[in-house]
file input39.tsv (TSV, C-alpha atoms and all ligand atoms)
chain	number	residue	atom	x	y	z
A	1	MET	CA	16.54	19.86	4.74
A	2	LYS	CA	15.37	19.15	8.29
A	3	THR	CA	11.73	18.99	9.31
A	4	ALA	CA	10.52	18.72	12.91
A	5	ILE	CA	6.98	17.62	13.77
A	6	LEU	CA	6.01	18.68	17.29
A	7	ASN	CA	3.03	18.25	19.65
A	8	ILE	CA	2.03	14.86	18.23
A	9	GLY	CA	-0.80	13.29	20.24
A	10	GLN	CA	0.10	9.69	19.44
A	11	ILE	CA	2.74	8.01	17.28
A	12	ILE	CA	1.70	4.85	15.42
A	13	SER	CA	4.78	2.74	14.68
A	14	GLY	CA	3.66	0.55	11.74
A	15	ASN	CA	4.68	-2.54	13.76
A	16	TRP	CA	1.46	-4.43	14.53
A	17	ARG	CA	2.89	-6.16	17.61
A	18	TYR	CA	4.01	-2.85	19.20
A	19	PRO	CA	1.78	-0.37	17.41
A	20	ILE	CA	2.32	2.69	19.65
A	21	THR	CA	5.66	4.47	20.05
A	22	PRO	CA	5.92	6.74	23.10
A	23	GLY	CA	6.73	10.44	22.66
A	24	ASN	CA	5.40	13.49	20.89
A	25	SER	CA	7.84	14.54	18.16
A	26	ILE	CA	9.60	13.37	15.01
A	27	LEU	CA	12.67	14.72	13.23
A	28	LEU	CA	13.24	14.16	9.52
A	29	GLU	CA	16.52	14.83	7.76
A	30	GLU	CA	16.70	14.76	3.97
A	31	GLU	CA	14.81	11.66	2.86
A	32	GLN	CA	15.03	9.72	6.13
A	33	ILE	CA	13.48	9.65	9.57
A	34	CYS	CA	16.12	10.76	12.03
A	35	LYS	CA	14.39	10.63	15.45
A	36	VAL	CA	11.02	9.38	16.68
A	37	GLY	CA	9.59	10.21	20.11
A	38	GLU	CA	11.76	13.03	21.46
A	39	VAL	CA	13.78	15.78	19.78
A	40	THR	CA	16.14	18.30	21.40
A	41	GLY	CA	16.01	22.09	21.52
A	42	SER	CA	18.87	22.30	19.05
A	43	ASP	CA	17.09	19.87	16.67
A	44	ILE	CA	14.18	22.32	16.68
A	45	ASP	CA	16.44	25.38	16.25
A	46	ASN	CA	18.21	23.74	13.31
A	47	SER	CA	15.04	22.65	11.50
A	48	ASP	CA	14.13	24.30	8.21
A	49	VAL	CA	10.46	23.49	8.70
A	50	ILE	CA	8.53	23.00	11.95
A	51	ILE	CA	5.03	21.53	11.88
A	52	ASP	CA	2.72	21.84	14.87
A	53	ALA	CA	0.72	18.60	14.91
A	54	ALA	CA	-1.57	20.15	17.55
A	55	GLY	CA	-2.22	16.80	19.25
A	56	SER	CA	-3.08	14.87	16.06
A	57	VAL	CA	-1.88	11.32	15.37
A	58	ALA	CA	1.25	10.54	13.32
A	59	VAL	CA	1.17	7.38	11.21
A	60	PRO	CA	3.62	6.01	8.64
A	61	GLY	CA	2.70	7.00	5.08
A	62	LEU	CA	0.17	4.45	3.83
A	63	ILE	CA	1.32	1.89	1.24
A	64	ASP	CA	-1.25	0.74	-1.30
A	65	SER	CA	0.08	-2.55	-2.65
A	66	HIS	CA	-2.58	-2.93	-5.33
A	67	VAL	CA	-2.77	0.10	-7.60
A	68	HIS	CA	-3.40	-0.19	-11.34
A	69	ILE	CA	-0.54	1.98	-12.53
A	70	THR	CA	-0.05	2.74	-16.23
A	71	PHE	CA	2.22	5.64	-17.20
A	72	GLY	CA	2.21	9.10	-15.69
A	73	ASP	CA	-0.55	10.11	-13.31
A	74	TYR	CA	-3.30	8.81	-15.56
A	75	THR	CA	-5.70	5.85	-15.47
A	76	PRO	CA	-7.22	4.76	-18.79
A	77	ARG	CA	-9.71	2.51	-16.94
A	78	GLN	CA	-11.58	5.53	-15.56
A	79	ASN	CA	-10.14	8.11	-17.99
A	80	THR	CA	-8.81	10.20	-15.15
A	81	VAL	CA	-5.73	12.37	-14.81
A	82	GLY	CA	-4.27	13.11	-11.39
A	83	TYR	CA	-5.61	10.12	-9.47
A	84	LEU	CA	-2.29	9.46	-7.71
A	85	HIS	CA	-2.30	13.07	-6.53
A	86	SER	CA	-5.73	12.31	-5.04
A	87	TYR	CA	-4.44	9.15	-3.35
A	88	LEU	CA	-1.65	11.18	-1.77
A	89	HIS	CA	-4.37	13.35	-0.26
A	90	GLY	CA	-5.79	10.11	1.18
A	91	GLY	CA	-2.50	9.53	3.02
A	92	VAL	CA	-0.97	7.14	0.46
A	93	THR	CA	2.74	7.87	0.12
A	94	THR	CA	3.72	4.65	-1.70
A	95	SER	CA	1.89	2.77	-4.45
A	96	ILE	CA	2.87	-0.63	-5.74
A	97	SER	CA	1.79	-1.58	-9.24
A	98	ALA	CA	-0.51	-4.56	-9.60
A	99	SER	CA	0.98	-4.84	-13.13
A	100	GLU	CA	0.42	-2.42	-15.99
A	101	VAL	CA	-2.55	-4.37	-17.37
A	102	HIS	CA	-4.57	-1.25	-18.10
A	103	VAL	CA	-2.09	0.19	-20.60
A	104	PRO	CA	-4.13	0.56	-23.81
A	105	GLY	CA	-3.18	-2.11	-26.33
A	106	ARG	CA	-0.94	-3.89	-23.83
A	107	PRO	CA	1.06	-6.66	-25.47
A	108	THR	CA	0.78	-10.32	-24.48
A	109	ASP	CA	3.89	-11.73	-26.17
A	110	PRO	CA	7.05	-12.31	-24.10
A	111	ASP	CA	9.03	-9.43	-25.70
A	112	GLY	CA	6.11	-7.07	-25.24
A	113	VAL	CA	5.42	-7.80	-21.57
A	114	LYS	CA	9.13	-7.66	-20.77
A	115	ALA	CA	9.50	-4.27	-22.47
A	116	LEU	CA	6.38	-2.97	-20.71
A	117	ALA	CA	7.65	-3.96	-17.26
A	118	VAL	CA	11.11	-2.49	-17.86
A	119	ALA	CA	9.68	0.76	-19.26
A	120	ALA	CA	7.22	1.20	-16.36
A	121	LYS	CA	9.91	0.45	-13.78
A	122	LYS	CA	12.35	2.95	-15.31
A	123	CYS	CA	9.76	5.70	-15.84
A	124	PHE	CA	8.63	5.69	-12.22
A	125	GLU	CA	12.21	5.64	-10.96
A	126	ASN	CA	12.37	9.18	-12.37
A	127	PHE	CA	8.82	10.27	-11.56
A	128	ARG	CA	7.24	10.78	-8.15
A	129	PRO	CA	3.71	12.05	-8.80
A	130	SER	CA	2.99	14.73	-6.17
A	131	GLY	CA	5.84	13.23	-4.15
A	132	MET	CA	4.45	9.70	-4.05
A	133	ARG	CA	6.87	6.78	-4.45
A	134	VAL	CA	5.56	4.40	-7.12
A	135	HIS	CA	6.98	0.90	-7.48
A	136	ALA	CA	6.02	0.06	-11.05
A	137	GLY	CA	6.97	-2.52	-13.62
A	138	SER	CA	5.26	-5.75	-12.66
A	139	LEU	CA	5.88	-8.40	-15.30
A	140	ILE	CA	2.63	-9.94	-16.52
A	141	LEU	CA	3.20	-13.69	-16.68
A	142	GLU	CA	2.27	-14.89	-20.15
A	143	PRO	CA	2.68	-18.25	-21.91
A	144	GLY	CA	6.06	-18.51	-23.60
A	145	LEU	CA	8.09	-16.66	-20.95
A	146	THR	CA	11.20	-18.64	-20.02
A	147	SER	CA	13.69	-18.59	-17.16
A	148	GLN	CA	16.02	-16.60	-19.43
A	149	ASP	CA	13.30	-13.97	-19.90
A	150	TYR	CA	12.90	-13.64	-16.14
A	151	GLN	CA	16.65	-13.28	-15.69
A	152	ASP	CA	16.68	-10.60	-18.42
A	153	VAL	CA	14.11	-8.40	-16.68
A	154	VAL	CA	15.62	-8.98	-13.23
A	155	SER	CA	18.98	-7.81	-14.60
A	156	LYS	CA	17.24	-4.59	-15.67
A	157	GLY	CA	15.83	-3.95	-12.19
A	158	VAL	CA	12.33	-5.42	-12.52
A	159	TRP	CA	11.39	-7.24	-9.30
A	160	LEU	CA	7.60	-7.69	-9.42
A	161	ALA	CA	5.58	-10.26	-11.37
A	162	LYS	CA	1.86	-10.79	-11.66
A	163	ALA	CA	-0.06	-13.94	-12.55
A	164	GLY	CA	-3.73	-13.97	-13.39
A	165	PHE	CA	-4.41	-11.61	-16.22
A	166	GLY	CA	-2.51	-13.18	-19.05
A	167	ALA	CA	-3.43	-15.22	-22.09
A	168	VAL	CA	-3.09	-18.38	-20.00
A	169	GLY	CA	-5.89	-20.89	-20.67
A	170	ASP	CA	-6.12	-22.59	-17.31
A	171	ALA	CA	-5.10	-21.85	-13.70
A	172	SER	CA	-2.78	-24.89	-13.57
A	173	GLU	CA	-0.53	-23.29	-16.22
A	174	TYR	CA	0.42	-20.68	-13.64
A	175	ILE	CA	2.17	-23.28	-11.45
A	176	GLN	CA	5.19	-23.46	-13.73
A	177	LEU	CA	5.17	-19.76	-14.67
A	178	VAL	CA	5.10	-18.61	-11.04
A	179	THR	CA	7.65	-21.19	-9.90
A	180	GLU	CA	10.13	-20.21	-12.60
A	181	ALA	CA	9.58	-16.48	-12.06
A	182	ARG	CA	10.09	-16.93	-8.34
A	183	ASN	CA	13.21	-18.99	-8.83
A	184	ALA	CA	14.64	-16.20	-10.99
A	185	GLY	CA	14.20	-13.79	-8.07
A	186	LEU	CA	10.91	-12.11	-9.00
A	187	PHE	CA	8.40	-11.28	-6.26
A	188	THR	CA	5.30	-13.09	-7.46
A	189	THR	CA	1.70	-12.03	-6.99
A	190	LEU	CA	-1.47	-13.84	-8.05
A	191	HIS	CA	-5.01	-12.73	-8.86
A	192	THR	CA	-7.28	-14.67	-6.47
A	193	GLY	CA	-11.01	-15.34	-6.55
A	194	GLY	CA	-13.62	-14.95	-9.23
A	195	ALA	CA	-13.05	-13.76	-12.77
A	196	SER	CA	-12.56	-10.00	-12.76
A	197	ILE	CA	-13.55	-9.19	-16.33
A	198	PRO	CA	-15.05	-11.13	-19.23
A	199	GLY	CA	-12.41	-13.43	-20.70
A	200	SER	CA	-10.57	-14.10	-17.42
A	201	PHE	CA	-11.13	-17.17	-15.26
A	202	PRO	CA	-11.41	-17.79	-11.49
A	203	ILE	CA	-8.51	-18.77	-9.23
A	204	THR	CA	-9.84	-20.99	-6.43
A	205	GLY	CA	-8.37	-21.56	-2.98
A	206	GLU	CA	-7.01	-24.88	-4.22
A	207	ASP	CA	-5.32	-23.15	-7.19
A	208	LEU	CA	-3.81	-20.55	-4.88
A	209	ILE	CA	-2.17	-23.19	-2.70
A	210	LYS	CA	-0.76	-25.05	-5.72
A	211	ILE	CA	0.52	-21.92	-7.49
A	212	ASN	CA	2.04	-20.62	-4.22
A	213	PRO	CA	2.88	-16.96	-4.99
A	214	GLN	CA	4.41	-14.61	-2.42
A	215	VAL	CA	1.18	-12.56	-2.31
A	216	SER	CA	-2.41	-13.55	-2.91
A	217	PHE	CA	-3.84	-10.44	-4.56
A	218	HIS	CA	-7.28	-9.42	-3.29
A	219	ILE	CA	-7.74	-12.69	-1.44
A	220	ASN	CA	-11.21	-11.35	-0.49
A	221	GLY	CA	-12.15	-11.06	-4.14
A	222	GLY	CA	-11.27	-8.88	-7.04
A	223	PRO	CA	-14.17	-8.35	-6.75
A	224	VAL	CA	-15.62	-11.88	-6.21
A	225	SER	CA	-14.34	-13.85	-3.20
A	226	MET	CA	-13.08	-17.44	-3.03
A	227	GLU	CA	-14.67	-20.02	-0.71
A	228	ASP	CA	-14.66	-19.22	3.03
A	229	LYS	CA	-12.89	-22.39	4.17
A	230	TYR	CA	-9.63	-21.46	2.43
A	231	PHE	CA	-8.95	-18.35	4.52
A	232	GLU	CA	-8.04	-20.50	7.50
A	233	VAL	CA	-6.02	-22.90	5.36
A	234	ILE	CA	-3.96	-20.09	3.77
A	235	ALA	CA	-3.31	-18.45	7.16
A	236	ARG	CA	-2.43	-21.68	8.94
A	237	ASP	CA	-0.71	-23.87	6.36
A	238	THR	CA	1.06	-21.57	3.90
A	239	GLU	CA	3.48	-18.64	3.85
A	240	ILE	CA	1.41	-16.69	1.31
A	241	ALA	CA	0.72	-13.03	2.19
A	242	MET	CA	-3.01	-12.28	2.30
A	243	GLN	CA	-3.87	-8.99	0.64
A	244	VAL	CA	-7.44	-7.82	1.19
A	245	CYS	CA	-8.74	-5.02	-0.99
A	246	THR	CA	-11.33	-2.28	-0.62
A	247	ALA	CA	-12.81	-3.23	-3.99
A	248	GLY	CA	-13.59	-6.75	-2.74
A	249	ASN	CA	-15.81	-8.60	-0.29
A	250	LEU	CA	-15.84	-6.91	3.13
A	251	ARG	CA	-17.22	-9.94	4.96
A	252	THR	CA	-14.36	-12.19	3.81
A	253	ALA	CA	-11.81	-9.39	4.38
A	254	ILE	CA	-12.84	-9.53	8.05
A	255	LEU	CA	-12.79	-13.35	8.01
A	256	CYS	CA	-9.25	-13.19	6.58
A	257	ALA	CA	-8.09	-10.74	9.26
A	258	GLU	CA	-9.53	-13.01	11.97
A	259	MET	CA	-7.85	-16.13	10.56
A	260	ALA	CA	-4.52	-14.30	10.21
A	261	LYS	CA	-4.77	-13.24	13.86
A	262	LYS	CA	-5.87	-16.67	15.06
A	263	HIS	CA	-2.91	-18.42	13.45
A	264	ASP	CA	-0.28	-15.80	14.34
A	265	ALA	CA	0.02	-14.79	10.70
A	266	PHE	CA	-1.12	-11.19	11.03
A	267	GLU	CA	2.24	-10.00	9.70
A	268	ARG	CA	1.10	-11.48	6.36
A	269	PHE	CA	-2.22	-9.61	6.43
A	270	LEU	CA	-2.12	-6.63	4.03
A	271	ILE	CA	-4.73	-3.97	3.26
A	272	ALA	CA	-4.79	-2.51	-0.28
A	273	THR	CA	-7.42	-1.00	-2.59
A	274	ASP	CA	-7.31	-2.76	-6.02
A	275	THR	CA	-8.09	0.50	-7.77
A	276	PRO	CA	-8.48	2.18	-10.25
A	277	THR	CA	-10.68	-0.59	-11.62
A	278	GLY	CA	-14.30	-1.04	-12.59
A	279	SER	CA	-14.96	-0.25	-8.92
A	280	GLY	CA	-13.59	3.23	-9.42
A	281	ILE	CA	-10.86	5.48	-8.10
A	282	MET	CA	-10.68	5.38	-4.31
A	283	PRO	CA	-8.27	7.89	-2.74
A	284	LEU	CA	-9.63	7.03	0.73
A	285	GLY	CA	-9.87	3.28	0.10
A	286	LEU	CA	-7.25	2.27	2.66
A	287	ILE	CA	-8.79	4.54	5.29
A	288	TYR	CA	-12.26	3.10	4.63
A	289	THR	CA	-11.09	-0.51	4.88
A	290	ILE	CA	-9.20	0.18	8.12
A	291	SER	CA	-12.29	1.89	9.51
A	292	GLN	CA	-14.70	-0.80	8.34
A	293	ILE	CA	-12.71	-3.75	9.72
A	294	SER	CA	-12.00	-2.02	13.05
A	295	SER	CA	-15.59	-0.91	13.53
A	296	LEU	CA	-17.21	-4.23	12.56
A	297	ALA	CA	-14.73	-6.66	14.17
A	298	ASP	CA	-12.44	-6.93	17.17
A	299	PHE	CA	-9.28	-5.21	15.90
A	300	ASP	CA	-7.30	-2.22	17.11
A	301	VAL	CA	-7.10	0.60	14.61
A	302	ALA	CA	-3.33	0.84	15.13
A	303	GLU	CA	-2.73	-2.80	14.18
A	304	LEU	CA	-4.87	-2.37	11.05
A	305	ILE	CA	-2.82	0.70	10.13
A	306	ALA	CA	0.20	-1.63	10.32
A	307	ALA	CA	-1.55	-3.85	7.76
A	308	ALA	CA	-1.38	-0.92	5.31
A	309	THR	CA	2.14	0.20	6.31
A	310	GLY	CA	4.70	-1.92	8.15
A	311	ASN	CA	3.27	-5.31	7.17
A	312	VAL	CA	3.39	-4.31	3.50
A	313	ALA	CA	6.90	-2.89	3.78
A	314	LYS	CA	8.17	-6.07	5.42
A	315	CYS	CA	6.46	-8.33	2.93
A	316	TYR	CA	7.73	-6.41	-0.14
A	317	GLY	CA	11.11	-5.45	1.38
A	318	LEU	CA	10.57	-1.66	1.26
A	319	SER	CA	12.41	1.00	3.26
A	320	SER	CA	9.15	2.78	4.18
A	321	GLY	CA	6.14	1.81	6.30
A	322	PHE	CA	7.51	2.44	9.80
A	323	LEU	CA	7.95	5.54	11.93
A	324	LYS	CA	11.43	4.55	12.99
A	325	ALA	CA	14.87	6.10	12.59
A	326	GLY	CA	16.49	5.11	9.29
A	327	TYR	CA	13.24	4.53	7.41
A	328	ASP	CA	11.89	6.73	4.59
A	329	ALA	CA	10.67	10.12	5.80
A	330	ASP	CA	7.03	9.45	4.86
A	331	VAL	CA	4.71	10.69	7.60
A	332	VAL	CA	0.97	11.35	7.66
A	333	LEU	CA	-0.90	13.30	10.34
A	334	ILE	CA	-4.48	12.15	10.89
A	335	ASP	CA	-7.17	13.55	13.13
A	336	ALA	CA	-10.84	13.27	14.04
A	337	PRO	CA	-13.00	14.62	11.21
A	338	LEU	CA	-14.83	17.87	11.83
A	339	GLY	CA	-18.43	17.24	12.83
A	340	GLY	CA	-17.91	13.69	14.08
A	341	THR	CA	-18.76	12.30	17.50
A	342	LYS	CA	-15.19	11.33	18.42
A	343	SER	CA	-12.33	13.57	19.44
A	344	ASP	CA	-9.31	11.76	17.98
A	345	ALA	CA	-8.46	9.94	14.75
A	346	LEU	CA	-8.23	6.41	16.16
A	347	SER	CA	-11.59	6.66	17.96
A	348	ALA	CA	-13.19	8.06	14.81
A	349	LEU	CA	-11.90	5.15	12.71
A	350	LYS	CA	-13.04	2.65	15.36
A	351	ASN	CA	-16.44	4.35	15.22
A	352	GLY	CA	-16.66	3.58	11.48
A	353	ASP	CA	-15.92	7.12	10.28
A	354	PRO	CA	-13.11	8.11	7.95
A	355	CYS	CA	-10.39	10.15	9.63
A	356	ALA	CA	-9.21	13.55	8.47
A	357	VAL	CA	-5.80	13.73	6.83
A	358	GLY	CA	-4.08	16.87	8.11
A	359	ALA	CA	-0.61	16.64	6.56
A	360	VAL	CA	1.38	14.43	4.23
A	361	ILE	CA	5.16	14.41	4.12
A	362	THR	CA	7.08	12.25	1.64
A	363	ALA	CA	10.84	11.94	1.28
A	364	GLY	CA	11.12	14.55	4.04
A	365	VAL	CA	9.16	17.18	2.08
A	366	PRO	CA	5.76	18.42	3.31
A	367	ARG	CA	3.36	18.03	0.34
A	368	PHE	CA	0.49	19.71	2.15
A	369	VAL	CA	-0.14	20.81	5.75
A	370	GLY	CA	-3.51	21.84	7.17
A	371	ARG	CA	-6.14	19.85	5.37
A	372	SER	CA	-6.50	17.33	2.57
A	373	ARG	CA	-8.61	18.12	-0.44
A	374	ASN	CA	-10.27	14.70	-0.14
A	375	THR	CA	-11.13	14.19	3.54
A	376	PRO	CA	-13.23	16.16	6.00
A	377	PRO	CA	-11.13	18.85	7.73
A	378	PRO	CA	-9.36	17.92	10.97
A	379	VAL	CA	-10.69	19.22	14.28
A	380	ARG	CA	-7.19	20.33	15.31
A	381	LYS	CA	-5.25	23.18	13.73
A	382	ILE	CA	-2.30	21.42	12.13
A	383	GLU	CA	0.03	24.09	10.73
A	384	VAL	CA	3.51	25.08	9.70
A	385	ILE	CA	4.94	27.33	12.42
A	386	LYS	CA	8.34	27.92	10.83
A	387	SER	CA	9.62	27.55	7.30
A	388	ASN	CA	12.88	28.59	5.71
A	389	ILE	CA	11.73	27.15	2.43
A	390	ILE	CA	10.57	29.79	-0.02
A	391	ASP	CA	8.13	27.58	-1.94
A	392	MET	CA	6.51	24.47	-0.51
A	393	TYR	CA	7.18	22.07	-3.31
A	394	GLU	CA	4.41	19.91	-4.66
A	395	GLY	CA	4.86	18.32	-8.02
A	401	ZN	ZN	-6.35	-5.59	-9.52

call {"tool": "encode", "arguments": {"input": "input39.tsv", "output": "C-alpha cells", "more": "lines below"}}
Ligand SMILES: [Zn+2]
result
Amino acid sequence: MKTAILNIGQIISGNWRYPITPGNSILLEEEQICKVGEVTGSDIDNSDVIIDAAGSVAVPGLIDSHVHITFGDYTPRQNTVGYLHSYLHGGVTTSISASEVHVPGRPTDPDGVKALAVAAKKCFENFRPSGMRVHAGSLILEPGLTSQDYQDVVSKGVWLAKAGFGAVGDASEYIQLVTEARNAGLFTTLHTGGASIPGSFPITGEDLIKINPQVSFHINGGPVSMEDKYFEVIARDTEIAMQVCTAGNLRTAILCAEMAKKHDAFERFLIATDTPTGSGIMPLGLIYTISQISSLADFDVAELIAAATGNVAKCYGLSSGFLKAGYDADVVLIDAPLGGTKSDALSALKNGDPCAVGAVITAGVPRFVGRSRNTPPPVRKIEVIKSNIIDMYEG
C-alpha cells in the first residue's frame, strides 16, 4: 500500500538540530517512509490513498516513553479500557512501557518478574492497539535477580529494565542491580525523585548519579522533583538521558530543558507523560508539555517536538521518530485549533494552546483523517481525496 500526503504546510523532521525539512509532501510505502519533501506525478498516480494536508504541519508520530502498560488496552490504575486508543488520538504512535507495575497482583520474585516481562513483550509483539506500536516487557529489578536471569530474559527478546518500584529496601541496592542488568545488555531506566506511592522511597540526585541508568525516569518528579542543583550536574557530567514527564513538576521540567540546552545535551532531553497513574490518563500529555515549555521558556516548538520523537528514538534505538526515508511510516498532521488566536499549529503551541490533531498514520495506514476525537478540530480541512482501500482499517 502506498499513501501520499500532499499540500503540507511545514515538515518537522524530529531532528532537534535541523528541525524543519523543506518541501510539502511525503510518500509512504508499506510500513516505511519512502520520500520526504517532494514526490513525483507518478508517485501520486500510483498511490492507493492520497491525503490533502491542506497546509497543516506534518510531524513524526509522537513517542511516549513513559506509559504504564499492563495487558491489552486496559489500565487497572484508572479502571479504563481503550486508553491507548485515546493516546493515538493525541498523536502518540509509539508507547514504551515504564514496566508492567500496575498488573494486579504483580509478582516480586525473580521468576515472576521475568515471566511478566517476557509475557508482556510477546503479547505486544502481536498486538497494536488502534495501530499504535507498544514496546512492552520492562523487567522490574527485584532483589535476587542474577546476571543469569538477565541473560535469560535478553535471550527471549526482553530489552527494557526498570529500577525503582521493587521490593528493594534502599536506593544503594540498585547500584548492583542496574550495573548487572546493563552489563547483560538491558536498557536500564530508573525512577527519580520523591516516593511515588506509600511504601516506595525517594531517589535523590546523588543516588541517580551513583546508580547511572541509561534513562532517568521523570527526572522532574514522579510526581515529586529532586533538588534543583542536580539538573545541571546530570546534563553536564553524565550520559544519563533526562526524561521529563507531564505528571511531574513543570518548573523543574523547564529547568532541565534549559540545562540540557546549555550543556549541549539536548539530544538526551526526552518528553514523556508518566501516565496512566494517580495523575490520570492524559492522551494529550505530550502536546501539553510541549506547549507549556515552549510558551513559558525560550524554546522552539519544533525542537521540543524532537524531544518527544527523534530524541526518544535515538536514545532507545527505535526505527521511528523521524520524518525521513527508511523510518517507520508514522506521521501525524497537526494544525491550529479552531477558535484560537493563531493560524498554524506551531504558533498555537508557542502561544500555550494545545494543537489540533488532524490525522494519524501508523505503519503506513491512516487510522483517522479529519479530526481527532480528543483535540479541538483543526482550522484546515484535512481530508482523504483518493482511496482505493474499501475499509479504512482501525483496530
Ligand atoms: Zn511511572

call {"tool": "closest_atom_pairs", "arguments": {"input": "input39.tsv", "of": "chain A", "to": "ligand ZN 401 (chain A)", "cutoff": "8 Å", "atoms": "all atoms listed in the file", "output": "tab-separated table"}}
result
residue	atom	partner	partner_atom	distance
A:His66	CA	A:ZN401	ZN	6.2
A:Val67	CA	A:ZN401	ZN	7.0
A:His68	CA	A:ZN401	ZN	6.4
A:Ala98	CA	A:ZN401	ZN	5.9
A:His191	CA	A:ZN401	ZN	7.3
A:Phe217	CA	A:ZN401	ZN	7.4
A:His218	CA	A:ZN401	ZN	7.4
A:Gly222	CA	A:ZN401	ZN	6.4
A:Asp274	CA	A:ZN401	ZN	4.6
A:Thr275	CA	A:ZN401	ZN	6.6
A:Thr277	CA	A:ZN401	ZN	6.9

call {"tool": "residues_around", "arguments": {"input": "input39.tsv", "residues": "A:Ile234", "least_positions_apart": "5", "cutoff": "9 Å", "atoms": "only C-alpha atoms", "output": "PyMOL selection string"}}
result
chain A and resi 205+208-209+239-242+259-260

call {"tool": "atom_distance", "arguments": {"input": "input39.tsv", "atom1": "atom CA of A:Thr273", "atom2": "atom CA of A:Leu349"}}
result
17.1 Å

call {"tool": "residues_around", "arguments": {"input": "input39.tsv", "residues": "stretch 83-90 of chain A", "least_positions_apart": "4", "cutoff": "7 Å", "atoms": "all atoms listed in the file", "output": "ChimeraX atom specification"}}
result
/A:73-74,129-130,132,283-284,357,372-374

call {"tool": "atom_distance", "arguments": {"input": "input39.tsv", "atom1": "atom CA of A:Lys210", "atom2": "atom CA of A:Ser172"}}
result
8.1 Å

call {"tool": "atom_distance", "arguments": {"input": "input39.tsv", "atom1": "atom CA of A:Ile305", "atom2": "atom CA of A:Gly370"}}
result
21.4 Å

call {"tool": "residues_around", "arguments": {"input": "input39.tsv", "residues": "A:Val224", "least_positions_apart": "4", "cutoff": "7 Å", "atoms": "only C-alpha atoms", "output": "PyMOL selection string"}}
result
chain A and resi 193-194+248-249

call {"tool": "closest_residue", "arguments": {"input": "input39.tsv", "among": "A:Val365, A:Ile254, A:Ile382, A:Ile63", "to": "A:Asp228", "atoms": "all atoms listed in the file"}}
result
A:Ile254

call {"tool": "residues_around", "arguments": {"input": "input39.tsv", "residues": "A:Glu227", "least_positions_apart": "6", "cutoff": "12 Å", "atoms": "only C-alpha atoms", "output": "VMD selection string"}}
result
chain A and resid 192 to 194 202 to 208 219 to 221 233 to 234 249 251 to 252 255 to 256

call {"tool": "residues_around", "arguments": {"input": "input39.tsv", "residues": "A:Gln151", "least_positions_apart": "5", "cutoff": "12 Å", "atoms": "all atoms listed in the file", "output": "NGL selection string"}}
result
:A and (114 or 139 or 145-146 or 156-159 or 180-186)

call {"tool": "write_last_selection", "arguments": {"input": "input39.tsv", "atoms": "C-alpha atoms", "output": "PDB file, keeping the file's coordinate frame"}}
result
ATOM      1  CA  LYS A 114       9.130  -7.660 -20.770  1.00  0.00           C
ATOM      2  CA  LEU A 139       5.880  -8.400 -15.300  1.00  0.00           C
ATOM      3  CA  LEU A 145       8.090 -16.660 -20.950  1.00  0.00           C
ATOM      4  CA  THR A 146      11.200 -18.640 -20.020  1.00  0.00           C
ATOM      5  CA  LYS A 156      17.240  -4.590 -15.670  1.00  0.00           C
ATOM      6  CA  GLY A 157      15.830  -3.950 -12.190  1.00  0.00           C
ATOM      7  CA  VAL A 158      12.330  -5.420 -12.520  1.00  0.00           C
ATOM      8  CA  TRP A 159      11.390  -7.240  -9.300  1.00  0.00           C
ATOM      9  CA  GLU A 180      10.130 -20.210 -12.600  1.00  0.00           C
ATOM     10  CA  ALA A 181       9.580 -16.480 -12.060  1.00  0.00           C
ATOM     11  CA  ARG A 182      10.090 -16.930  -8.340  1.00  0.00           C
ATOM     12  CA  ASN A 183      13.210 -18.990  -8.830  1.00  0.00           C
ATOM     13  CA  ALA A 184      14.640 -16.200 -10.990  1.00  0.00           C
ATOM     14  CA  GLY A 185      14.200 -13.790  -8.070  1.00  0.00           C
ATOM     15  CA  LEU A 186      10.910 -12.110  -9.000  1.00  0.00           C
TER      16      LEU A 186
END

call {"tool": "closest_residue", "arguments": {"input": "input39.tsv", "among": "A:Ile44, A:Ala247, A:Met1, A:Val153", "to": "A:Glu30", "atoms": "only C-alpha atoms"}}
result
A:Met1

call {"tool": "residues_near_point", "arguments": {"input": "input39.tsv", "point": "(17.4, 1.8, 6.1)", "cutoff": "12 Å", "atoms": "only C-alpha atoms", "output": "list in words"}}
result
Glu31, Gln32, Ile33, Cys34, Ala313, Gly317, Leu318, Ser319, Ser320, Gly321, Phe322, Leu323, Lys324, Ala325, Gly326, Tyr327, Asp328 and Ala329 of chain A
